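K.L.:
Handing over structure_8.txt, compact mmCIF, N, CA and C atoms.
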```txt
# COMPACT_ATOMS: atom_id res chain seq x y z
N MET A 81 0.85 -1.16 0.00
CA MET A 81 0.00 0.00 0.00
C MET A 81 0.90 1.23 0.00
N ASP A 82 0.56 2.23 -0.78
CA ASP A 82 1.37 3.44 -0.89
C ASP A 82 0.71 4.59 -0.14
N TYR A 83 1.55 5.40 0.50
CA TYR A 83 1.07 6.56 1.24
C TYR A 83 1.88 7.78 0.82
N PRO A 84 1.22 8.93 0.53
CA PRO A 84 1.97 10.14 0.20
C PRO A 84 2.64 10.70 1.45
N ASN A 85 3.86 11.22 1.31
CA ASN A 85 4.51 11.86 2.45
C ASN A 85 4.44 13.37 2.26
N LYS A 86 5.06 14.15 3.15
CA LYS A 86 4.94 15.61 3.13
C LYS A 86 5.43 16.24 1.84
N GLU A 87 6.47 15.67 1.24
CA GLU A 87 7.04 16.26 0.03
C GLU A 87 6.27 15.85 -1.23
N GLY A 88 5.24 15.05 -1.09
CA GLY A 88 4.50 14.60 -2.25
C GLY A 88 5.02 13.30 -2.82
N ASP A 89 6.14 12.82 -2.28
CA ASP A 89 6.65 11.52 -2.71
C ASP A 89 5.76 10.42 -2.12
N VAL A 90 5.93 9.24 -2.60
CA VAL A 90 5.14 8.11 -2.11
C VAL A 90 6.04 7.18 -1.32
N SER A 91 5.58 6.81 -0.14
CA SER A 91 6.30 5.83 0.65
C SER A 91 5.48 4.54 0.67
N THR A 92 6.15 3.45 0.79
CA THR A 92 5.48 2.15 0.76
C THR A 92 5.48 1.56 2.16
N TYR A 93 4.31 1.08 2.59
CA TYR A 93 4.17 0.42 3.89
C TYR A 93 4.65 -1.02 3.75
N ASN A 94 5.49 -1.44 4.66
CA ASN A 94 6.03 -2.80 4.63
C ASN A 94 5.75 -3.46 5.97
N GLU A 95 4.96 -4.51 5.96
CA GLU A 95 4.56 -5.20 7.19
C GLU A 95 5.62 -6.19 7.68
N ALA A 96 6.67 -6.39 6.93
CA ALA A 96 7.65 -7.44 7.26
C ALA A 96 8.22 -7.29 8.66
N SER A 97 8.59 -6.07 9.04
CA SER A 97 9.20 -5.90 10.37
C SER A 97 8.19 -6.19 11.48
N LEU A 98 6.93 -5.82 11.28
CA LEU A 98 5.90 -6.12 12.28
C LEU A 98 5.64 -7.63 12.36
N LYS A 99 5.64 -8.29 11.22
CA LYS A 99 5.45 -9.74 11.21
C LYS A 99 6.60 -10.43 11.95
N MET A 100 7.81 -9.99 11.70
CA MET A 100 8.97 -10.58 12.40
C MET A 100 8.88 -10.34 13.90
N MET A 101 8.38 -9.18 14.30
CA MET A 101 8.21 -8.88 15.72
C MET A 101 7.15 -9.81 16.33
N ARG A 102 6.04 -10.02 15.62
CA ARG A 102 5.00 -10.93 16.11
C ARG A 102 5.53 -12.35 16.23
N LEU A 103 6.26 -12.80 15.20
CA LEU A 103 6.84 -14.14 15.24
C LEU A 103 7.80 -14.30 16.42
N ASN A 104 8.61 -13.28 16.65
CA ASN A 104 9.55 -13.31 17.76
C ASN A 104 8.81 -13.38 19.10
N ASN A 105 7.77 -12.56 19.28
CA ASN A 105 7.01 -12.57 20.52
C ASN A 105 6.33 -13.92 20.77
N ILE A 106 5.79 -14.51 19.72
CA ILE A 106 5.16 -15.82 19.85
C ILE A 106 6.21 -16.85 20.29
N GLN A 107 7.38 -16.82 19.66
CA GLN A 107 8.42 -17.78 20.01
C GLN A 107 8.95 -17.58 21.43
N ILE A 108 9.03 -16.35 21.88
CA ILE A 108 9.44 -16.07 23.26
C ILE A 108 8.43 -16.69 24.22
N ASN A 109 7.15 -16.51 23.93
CA ASN A 109 6.10 -17.06 24.80
C ASN A 109 6.06 -18.58 24.78
N ILE A 110 6.34 -19.18 23.62
CA ILE A 110 6.43 -20.65 23.55
C ILE A 110 7.57 -21.12 24.46
N ASN A 111 8.70 -20.45 24.39
CA ASN A 111 9.84 -20.83 25.22
C ASN A 111 9.53 -20.69 26.71
N LYS A 112 8.75 -19.68 27.08
CA LYS A 112 8.35 -19.52 28.48
C LYS A 112 7.45 -20.68 28.92
N CYS A 113 6.56 -21.10 28.05
CA CYS A 113 5.69 -22.24 28.37
C CYS A 113 6.49 -23.52 28.55
N ASN A 114 7.57 -23.66 27.78
CA ASN A 114 8.38 -24.87 27.84
C ASN A 114 9.03 -25.10 29.20
N LEU A 115 9.14 -24.05 30.01
CA LEU A 115 9.77 -24.20 31.32
C LEU A 115 9.02 -25.20 32.20
N ASN A 116 7.69 -25.16 32.14
CA ASN A 116 6.86 -26.13 32.87
C ASN A 116 5.50 -26.19 32.21
N LEU A 117 5.33 -27.13 31.30
CA LEU A 117 4.09 -27.23 30.53
C LEU A 117 2.86 -27.54 31.38
N PHE A 118 3.07 -28.13 32.54
CA PHE A 118 1.93 -28.59 33.33
C PHE A 118 1.65 -27.70 34.54
N GLU A 119 2.16 -26.49 34.46
CA GLU A 119 1.91 -25.47 35.47
C GLU A 119 0.74 -24.62 34.98
N ILE A 120 -0.02 -24.09 35.92
CA ILE A 120 -1.11 -23.19 35.54
C ILE A 120 -0.56 -21.77 35.45
N ASP A 121 -0.85 -21.11 34.33
CA ASP A 121 -0.47 -19.71 34.15
C ASP A 121 -1.44 -18.87 34.96
N LEU A 122 -0.94 -18.07 35.88
CA LEU A 122 -1.79 -17.30 36.79
C LEU A 122 -2.60 -16.24 36.06
N GLU A 123 -2.05 -15.68 35.00
CA GLU A 123 -2.75 -14.62 34.27
C GLU A 123 -3.97 -15.17 33.51
N THR A 124 -3.80 -16.29 32.84
CA THR A 124 -4.88 -16.83 32.01
C THR A 124 -5.67 -17.94 32.69
N GLU A 125 -5.12 -18.47 33.79
CA GLU A 125 -5.73 -19.59 34.53
C GLU A 125 -5.90 -20.82 33.63
N ARG A 126 -4.91 -21.02 32.76
CA ARG A 126 -4.89 -22.20 31.89
C ARG A 126 -3.54 -22.88 32.07
N PHE A 127 -3.53 -24.19 31.77
CA PHE A 127 -2.26 -24.90 31.79
C PHE A 127 -1.39 -24.37 30.66
N LYS A 128 -0.08 -24.38 30.90
CA LYS A 128 0.84 -23.84 29.89
C LYS A 128 0.89 -24.70 28.63
N TYR A 129 0.59 -26.01 28.74
CA TYR A 129 0.54 -26.81 27.52
C TYR A 129 -0.62 -26.36 26.63
N GLU A 130 -1.72 -25.90 27.25
CA GLU A 130 -2.84 -25.38 26.46
C GLU A 130 -2.46 -24.08 25.77
N ILE A 131 -1.74 -23.24 26.50
CA ILE A 131 -1.27 -21.97 25.93
C ILE A 131 -0.29 -22.24 24.79
N LYS A 132 0.60 -23.22 25.00
CA LYS A 132 1.58 -23.55 23.97
C LYS A 132 0.90 -24.00 22.68
N ILE A 133 -0.15 -24.79 22.80
CA ILE A 133 -0.89 -25.23 21.60
C ILE A 133 -1.42 -24.01 20.85
N SER A 134 -2.01 -23.07 21.58
CA SER A 134 -2.53 -21.85 20.95
C SER A 134 -1.42 -21.05 20.29
N LEU A 135 -0.28 -20.97 20.95
CA LEU A 135 0.85 -20.22 20.40
C LEU A 135 1.42 -20.87 19.14
N ILE A 136 1.52 -22.20 19.14
CA ILE A 136 2.01 -22.89 17.94
C ILE A 136 1.04 -22.66 16.79
N ASN A 137 -0.27 -22.70 17.09
CA ASN A 137 -1.27 -22.43 16.05
C ASN A 137 -1.15 -21.00 15.54
N SER A 138 -0.87 -20.06 16.44
CA SER A 138 -0.67 -18.66 16.03
C SER A 138 0.58 -18.52 15.16
N LEU A 139 1.63 -19.23 15.54
CA LEU A 139 2.86 -19.21 14.77
C LEU A 139 2.60 -19.70 13.34
N PHE A 140 1.88 -20.81 13.23
CA PHE A 140 1.55 -21.32 11.90
C PHE A 140 0.66 -20.34 11.14
N SER A 141 -0.29 -19.74 11.83
CA SER A 141 -1.19 -18.78 11.19
C SER A 141 -0.44 -17.63 10.54
N GLU A 142 0.62 -17.18 11.19
CA GLU A 142 1.41 -16.07 10.67
C GLU A 142 2.08 -16.41 9.34
N ILE A 143 2.38 -17.67 9.12
CA ILE A 143 3.09 -18.05 7.89
C ILE A 143 2.23 -18.86 6.93
N SER A 144 1.00 -19.14 7.29
CA SER A 144 0.16 -20.06 6.51
C SER A 144 -0.05 -19.62 5.06
N SER A 145 -0.04 -18.32 4.81
CA SER A 145 -0.25 -17.86 3.43
C SER A 145 0.91 -18.27 2.52
N LYS A 146 2.08 -18.53 3.08
CA LYS A 146 3.25 -18.95 2.30
C LYS A 146 3.33 -20.48 2.16
N CYS A 147 2.52 -21.20 2.94
CA CYS A 147 2.62 -22.67 2.97
C CYS A 147 1.85 -23.32 1.83
N SER A 148 2.36 -24.44 1.40
CA SER A 148 1.67 -25.22 0.37
C SER A 148 0.47 -25.93 0.99
N ASP A 149 -0.40 -26.46 0.14
CA ASP A 149 -1.54 -27.23 0.65
C ASP A 149 -1.07 -28.43 1.45
N GLY A 150 0.00 -29.07 1.01
CA GLY A 150 0.54 -30.22 1.73
C GLY A 150 1.04 -29.84 3.12
N GLU A 151 1.70 -28.69 3.23
CA GLU A 151 2.18 -28.22 4.54
C GLU A 151 1.02 -27.88 5.46
N THR A 152 -0.01 -27.25 4.88
CA THR A 152 -1.20 -26.91 5.66
C THR A 152 -1.90 -28.19 6.14
N ASP A 153 -2.00 -29.17 5.25
CA ASP A 153 -2.62 -30.45 5.64
C ASP A 153 -1.82 -31.14 6.74
N LYS A 154 -0.50 -31.12 6.62
CA LYS A 154 0.34 -31.76 7.64
C LYS A 154 0.20 -31.04 8.98
N ASN A 155 0.09 -29.72 8.94
CA ASN A 155 -0.14 -28.96 10.17
C ASN A 155 -1.46 -29.39 10.81
N GLN A 156 -2.48 -29.57 9.99
CA GLN A 156 -3.78 -30.00 10.51
C GLN A 156 -3.71 -31.40 11.12
N VAL A 157 -2.91 -32.27 10.53
CA VAL A 157 -2.71 -33.61 11.08
C VAL A 157 -2.08 -33.51 12.47
N TRP A 158 -1.05 -32.67 12.61
CA TRP A 158 -0.41 -32.47 13.92
C TRP A 158 -1.42 -31.93 14.93
N ASN A 159 -2.18 -30.93 14.52
CA ASN A 159 -3.17 -30.31 15.42
C ASN A 159 -4.21 -31.34 15.86
N ASN A 160 -4.71 -32.13 14.92
CA ASN A 160 -5.69 -33.17 15.26
C ASN A 160 -5.10 -34.21 16.20
N ALA A 161 -3.83 -34.57 15.98
CA ALA A 161 -3.16 -35.55 16.83
C ALA A 161 -3.07 -35.04 18.27
N ILE A 162 -2.73 -33.79 18.43
CA ILE A 162 -2.64 -33.19 19.78
C ILE A 162 -4.01 -33.24 20.45
N GLN A 163 -5.05 -32.84 19.73
CA GLN A 163 -6.39 -32.82 20.31
C GLN A 163 -6.85 -34.24 20.70
N LYS A 164 -6.51 -35.20 19.86
CA LYS A 164 -6.88 -36.60 20.14
C LYS A 164 -6.14 -37.11 21.39
N ILE A 165 -4.86 -36.78 21.50
CA ILE A 165 -4.09 -37.20 22.67
C ILE A 165 -4.68 -36.58 23.94
N LEU A 166 -4.99 -35.29 23.89
CA LEU A 166 -5.55 -34.63 25.08
C LEU A 166 -6.90 -35.23 25.48
N LYS A 167 -7.68 -35.64 24.48
CA LYS A 167 -8.99 -36.23 24.77
C LYS A 167 -8.85 -37.64 25.33
N ASN A 168 -7.97 -38.44 24.73
CA ASN A 168 -7.86 -39.86 25.09
C ASN A 168 -6.79 -40.16 26.15
N ALA A 169 -5.86 -39.23 26.34
CA ALA A 169 -4.77 -39.46 27.30
C ALA A 169 -4.50 -38.18 28.08
N PRO A 170 -5.44 -37.76 28.92
CA PRO A 170 -5.25 -36.51 29.66
C PRO A 170 -4.04 -36.58 30.59
N PRO A 171 -3.43 -35.42 30.88
CA PRO A 171 -2.21 -35.43 31.68
C PRO A 171 -2.43 -35.70 33.17
N PHE A 172 -3.66 -35.65 33.61
CA PHE A 172 -3.92 -35.88 35.03
C PHE A 172 -5.11 -36.82 35.21
N LYS A 173 -5.14 -37.43 36.38
CA LYS A 173 -6.22 -38.35 36.72
C LYS A 173 -7.25 -37.60 37.57
N THR A 174 -8.51 -37.85 37.30
CA THR A 174 -9.59 -37.25 38.08
C THR A 174 -10.63 -38.32 38.40
N ARG A 175 -11.47 -38.00 39.35
CA ARG A 175 -12.64 -38.84 39.60
C ARG A 175 -13.79 -37.90 39.92
N PHE A 176 -14.99 -38.35 39.61
CA PHE A 176 -16.17 -37.52 39.87
C PHE A 176 -16.63 -37.75 41.30
N ASN A 177 -16.76 -36.67 42.07
CA ASN A 177 -17.24 -36.72 43.44
C ASN A 177 -18.76 -36.55 43.41
N GLU A 178 -19.46 -37.61 43.76
CA GLU A 178 -20.93 -37.61 43.72
C GLU A 178 -21.53 -36.60 44.70
N VAL A 179 -20.88 -36.41 45.85
CA VAL A 179 -21.40 -35.50 46.87
C VAL A 179 -21.27 -34.05 46.43
N ARG A 180 -20.10 -33.69 45.91
CA ARG A 180 -19.86 -32.30 45.50
C ARG A 180 -20.26 -32.03 44.05
N HIS A 181 -20.56 -33.08 43.31
CA HIS A 181 -20.95 -32.98 41.90
C HIS A 181 -19.91 -32.28 41.04
N LYS A 182 -18.64 -32.64 41.26
CA LYS A 182 -17.56 -32.09 40.43
C LYS A 182 -16.39 -33.06 40.43
N SER A 183 -15.52 -32.87 39.45
CA SER A 183 -14.33 -33.72 39.34
C SER A 183 -13.28 -33.28 40.35
N GLU A 184 -12.57 -34.27 40.88
CA GLU A 184 -11.48 -34.00 41.82
C GLU A 184 -10.17 -34.47 41.21
N PHE A 185 -9.14 -33.69 41.41
CA PHE A 185 -7.80 -34.01 40.93
C PHE A 185 -7.21 -35.13 41.78
N LEU A 186 -6.74 -36.21 41.12
CA LEU A 186 -6.13 -37.33 41.84
C LEU A 186 -4.63 -37.41 41.67
N GLY A 187 -4.08 -36.77 40.65
CA GLY A 187 -2.65 -36.80 40.43
C GLY A 187 -2.33 -36.78 38.95
N TRP A 188 -1.04 -36.69 38.68
CA TRP A 188 -0.55 -36.61 37.30
C TRP A 188 -0.33 -38.00 36.74
N ASN A 189 -0.63 -38.15 35.47
CA ASN A 189 -0.32 -39.38 34.74
C ASN A 189 0.98 -39.09 33.98
N THR A 190 2.09 -39.54 34.53
CA THR A 190 3.40 -39.16 33.96
C THR A 190 3.59 -39.69 32.55
N TYR A 191 3.05 -40.87 32.25
CA TYR A 191 3.16 -41.40 30.89
C TYR A 191 2.47 -40.45 29.91
N ASN A 192 1.25 -40.03 30.23
CA ASN A 192 0.51 -39.12 29.36
C ASN A 192 1.17 -37.75 29.27
N CYS A 193 1.72 -37.27 30.39
CA CYS A 193 2.44 -35.99 30.38
C CYS A 193 3.62 -36.05 29.41
N ASP A 194 4.37 -37.15 29.47
CA ASP A 194 5.51 -37.32 28.56
C ASP A 194 5.05 -37.40 27.11
N LEU A 195 3.94 -38.09 26.86
CA LEU A 195 3.40 -38.19 25.51
C LEU A 195 3.00 -36.81 24.98
N ILE A 196 2.33 -36.03 25.80
CA ILE A 196 1.91 -34.68 25.41
C ILE A 196 3.14 -33.81 25.15
N LYS A 197 4.10 -33.85 26.08
CA LYS A 197 5.31 -33.04 25.95
C LYS A 197 6.08 -33.39 24.68
N ASP A 198 6.26 -34.68 24.41
CA ASP A 198 7.00 -35.11 23.22
C ASP A 198 6.27 -34.72 21.93
N THR A 199 4.96 -34.89 21.91
CA THR A 199 4.19 -34.56 20.70
C THR A 199 4.19 -33.06 20.45
N LEU A 200 4.05 -32.28 21.51
CA LEU A 200 4.09 -30.82 21.35
C LEU A 200 5.47 -30.36 20.86
N PHE A 201 6.52 -30.99 21.37
CA PHE A 201 7.87 -30.65 20.93
C PHE A 201 8.03 -30.93 19.44
N LYS A 202 7.54 -32.07 18.97
CA LYS A 202 7.64 -32.41 17.54
C LYS A 202 6.79 -31.47 16.69
N TYR A 203 5.61 -31.13 17.18
CA TYR A 203 4.74 -30.20 16.45
C TYR A 203 5.39 -28.82 16.35
N GLU A 204 5.96 -28.36 17.47
CA GLU A 204 6.66 -27.07 17.47
C GLU A 204 7.82 -27.09 16.49
N ASN A 205 8.60 -28.16 16.47
CA ASN A 205 9.73 -28.26 15.53
C ASN A 205 9.26 -28.26 14.09
N PHE A 206 8.15 -28.92 13.82
CA PHE A 206 7.58 -28.92 12.46
C PHE A 206 7.29 -27.49 12.01
N VAL A 207 6.61 -26.72 12.87
CA VAL A 207 6.24 -25.34 12.51
C VAL A 207 7.49 -24.46 12.42
N ARG A 208 8.45 -24.65 13.32
CA ARG A 208 9.69 -23.84 13.26
C ARG A 208 10.48 -24.14 11.97
N LYS A 209 10.46 -25.39 11.51
CA LYS A 209 11.12 -25.72 10.25
C LYS A 209 10.43 -25.03 9.08
N LEU A 210 9.09 -24.92 9.15
CA LEU A 210 8.37 -24.19 8.11
C LEU A 210 8.78 -22.72 8.09
N LEU A 211 9.03 -22.16 9.27
CA LEU A 211 9.52 -20.77 9.33
C LEU A 211 10.81 -20.63 8.54
N GLU A 212 11.72 -21.56 8.75
CA GLU A 212 13.02 -21.55 8.04
C GLU A 212 12.82 -21.72 6.54
N VAL A 213 12.00 -22.70 6.16
CA VAL A 213 11.77 -23.00 4.75
C VAL A 213 11.21 -21.80 3.99
N HIS A 214 10.35 -21.04 4.67
CA HIS A 214 9.70 -19.92 4.00
C HIS A 214 10.35 -18.56 4.28
N GLY A 215 11.58 -18.60 4.79
CA GLY A 215 12.36 -17.38 4.91
C GLY A 215 12.11 -16.53 6.14
N TYR A 216 11.50 -17.10 7.16
CA TYR A 216 11.23 -16.34 8.38
C TYR A 216 12.22 -16.67 9.49
N GLY A 217 13.23 -17.44 9.20
CA GLY A 217 14.22 -17.81 10.21
C GLY A 217 15.45 -16.94 10.11
N SER A 218 16.52 -17.45 10.65
CA SER A 218 17.80 -16.74 10.62
C SER A 218 18.36 -16.75 9.20
N PRO A 219 19.05 -15.68 8.83
CA PRO A 219 19.69 -15.66 7.51
C PRO A 219 20.75 -16.77 7.40
N LYS A 220 20.88 -17.32 6.24
CA LYS A 220 21.88 -18.36 6.00
C LYS A 220 23.23 -17.71 5.73
N GLN A 221 24.27 -18.31 6.24
CA GLN A 221 25.62 -17.79 6.03
C GLN A 221 26.31 -18.60 4.93
N LYS A 222 27.02 -17.90 4.08
CA LYS A 222 27.80 -18.59 3.06
C LYS A 222 28.98 -19.29 3.71
N ASP A 223 29.60 -18.60 4.66
CA ASP A 223 30.74 -19.16 5.38
C ASP A 223 30.44 -19.06 6.87
N PRO A 224 30.21 -20.21 7.56
CA PRO A 224 29.84 -20.17 8.98
C PRO A 224 30.88 -19.54 9.89
N LYS A 225 32.13 -19.37 9.39
CA LYS A 225 33.18 -18.77 10.20
C LYS A 225 33.09 -17.24 10.21
N LYS A 226 32.31 -16.68 9.30
CA LYS A 226 32.17 -15.24 9.20
C LYS A 226 30.82 -14.80 9.75
N SER A 227 30.71 -13.52 10.03
CA SER A 227 29.41 -12.99 10.49
C SER A 227 28.48 -12.89 9.30
N ILE A 228 27.21 -12.68 9.58
CA ILE A 228 26.20 -12.58 8.52
C ILE A 228 26.47 -11.40 7.61
N GLU A 229 27.00 -10.30 8.17
CA GLU A 229 27.26 -9.11 7.36
C GLU A 229 28.40 -9.30 6.37
N ASP A 230 29.34 -10.20 6.66
CA ASP A 230 30.52 -10.39 5.80
C ASP A 230 30.15 -10.91 4.43
```
How would this structure read if it were set down as structure tokens?
P.N.:
Amino acid sequence: MDYPNKEGDVSTYNEASLKMMRLNNIQININKCNLNLFEIDLETERFKYEIKISLINSLFSEISSKCSDGETDKNQVWNNAIQKILKNAPPFKTRFNEVRHKSEFLGWNTYNCDLIKDTLFKYENFVRKLLEVHGYGSPKQKDPKKSIED
């Protein structure tokens, strides 16, 4: 989109720097969630693994216009796999209390926690590789011994 400036010249709006800032912020927040996926975030009152799923989906959303149909389909397969695991293998054990009419926390299912953690790690790596493939990652160096500017 072009915008006239004071001198009558035309300047062009470029969203690239804002997109890179959004991608960076999403990745920072994913890394914060990785510290303890099964902790409750006090601000959102959600488990950090739930937040991480949303963040990975946001990360993919930012680059989805550059992705092929096959990449989009594979992303959907990963997303469906995560949802299926959470439904069929929840990270914690509960039981329904008939007197209080609500579920009670009984403890963590470490096998399921590991399954969720491993699957989320693979899903995150898949999306981060797409960032690299579509030019949203670090610049490639011709000679790794030199700086990027060289």
K.L.:
What separation in Å, quoted to one decimal, exists between atom N of Cys193 of chain A and atom N of Pro171 of chain A?
P.N.:
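Separating atom N of Cys193 of chain A from atom N of Pro171 of chain A is a distance of 5.5 Å.
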K.L.:
Which parts of segment 98-213 of chain A does DSSP call helix (DSSP H, G or I) when run on the backbone here, written out as an NGL selection string?
P.N.:
:A and (98-114 or 128-146 or 149-168 or 190-213)
K.L.:
Do you have the atom CA of Met100 of chain A-atom CA of Ser138 of chain A distance handy?
P.N.:
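Interatomic distance here is 13.1 Å.
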K.L.:
Take atom N of Asn189 of chain A and atom C of Lys173 of chain A and report the distance between them in Å, one decimal.
P.N.:
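For atom N of Asn189 of chain A relative to atom C of Lys173 of chain A, the distance reads 7.0 Å.
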K.L.:
Looking at all atoms listed in the file, which of A:Asp198, A:Lys128, A:Leu117, A:Leu211 is the one that sits closest to Ile143 of chain A?
P.N.:
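Of A:Asp198, A:Lys128, A:Leu117, A:Leu211, the one nearest Ile143 of chain A is A:Leu211, counting all atoms listed in the file.
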K.L.:
Using only C-alpha atoms, which of A:Leu103, A:Leu98, A:Tyr191, A:Lys154 sits nearest Gly217 of chain A?
P.N.:
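Of the candidates, the smallest distance to Gly217 of chain A is held by A:Leu103.
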K.L.:
Hey, which of A:Gln163, A:Asn109, A:Ser144, A:Asn104 ends up closest to Ile131 of chain A? Count only N, CA and C atoms.
P.N.:
A:Asn109
K.L.:
Would you give me, as an NGL selection string, the residues in segment 171-220 of chain A that DSSP reads as strand (DSSP E or B)?
P.N.:
:A and (172-177 or 182-188)
K.L.:
Between A:Ile162, A:Ala169, A:Phe185, A:Glu212, which one has atoms that come closest to Leu200 of chain A, using all atoms listed in the file?
P.N.:
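For Leu200 of chain A, the nearest of the given residues is A:Ile162.
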K.L.:
With all atoms listed in the file as the basis for distance, which of A:Tyr129, A:Thr190, A:Glu142, A:Gly150 is at the shortest distance from Asn114 of chain A?
P.N.:
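Closest candidate: A:Tyr129.
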K.L.:
Return the single residue from A:Thr174, A:Ser134, A:Ser97, A:Asn116 that is closest to Trp188 of chain A, with distances computed using only N, CA and C atoms.
P.N.:
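For Trp188 of chain A, the nearest of the candidates is A:Thr174.
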K.L.:
Might you pull out every residue within 6.5 Å of Arg175 of chain A, with only N, CA and C atoms counted and same-chain residues fewer than 4 positions away left off, and present them as a count of residues only?
P.N.:
5
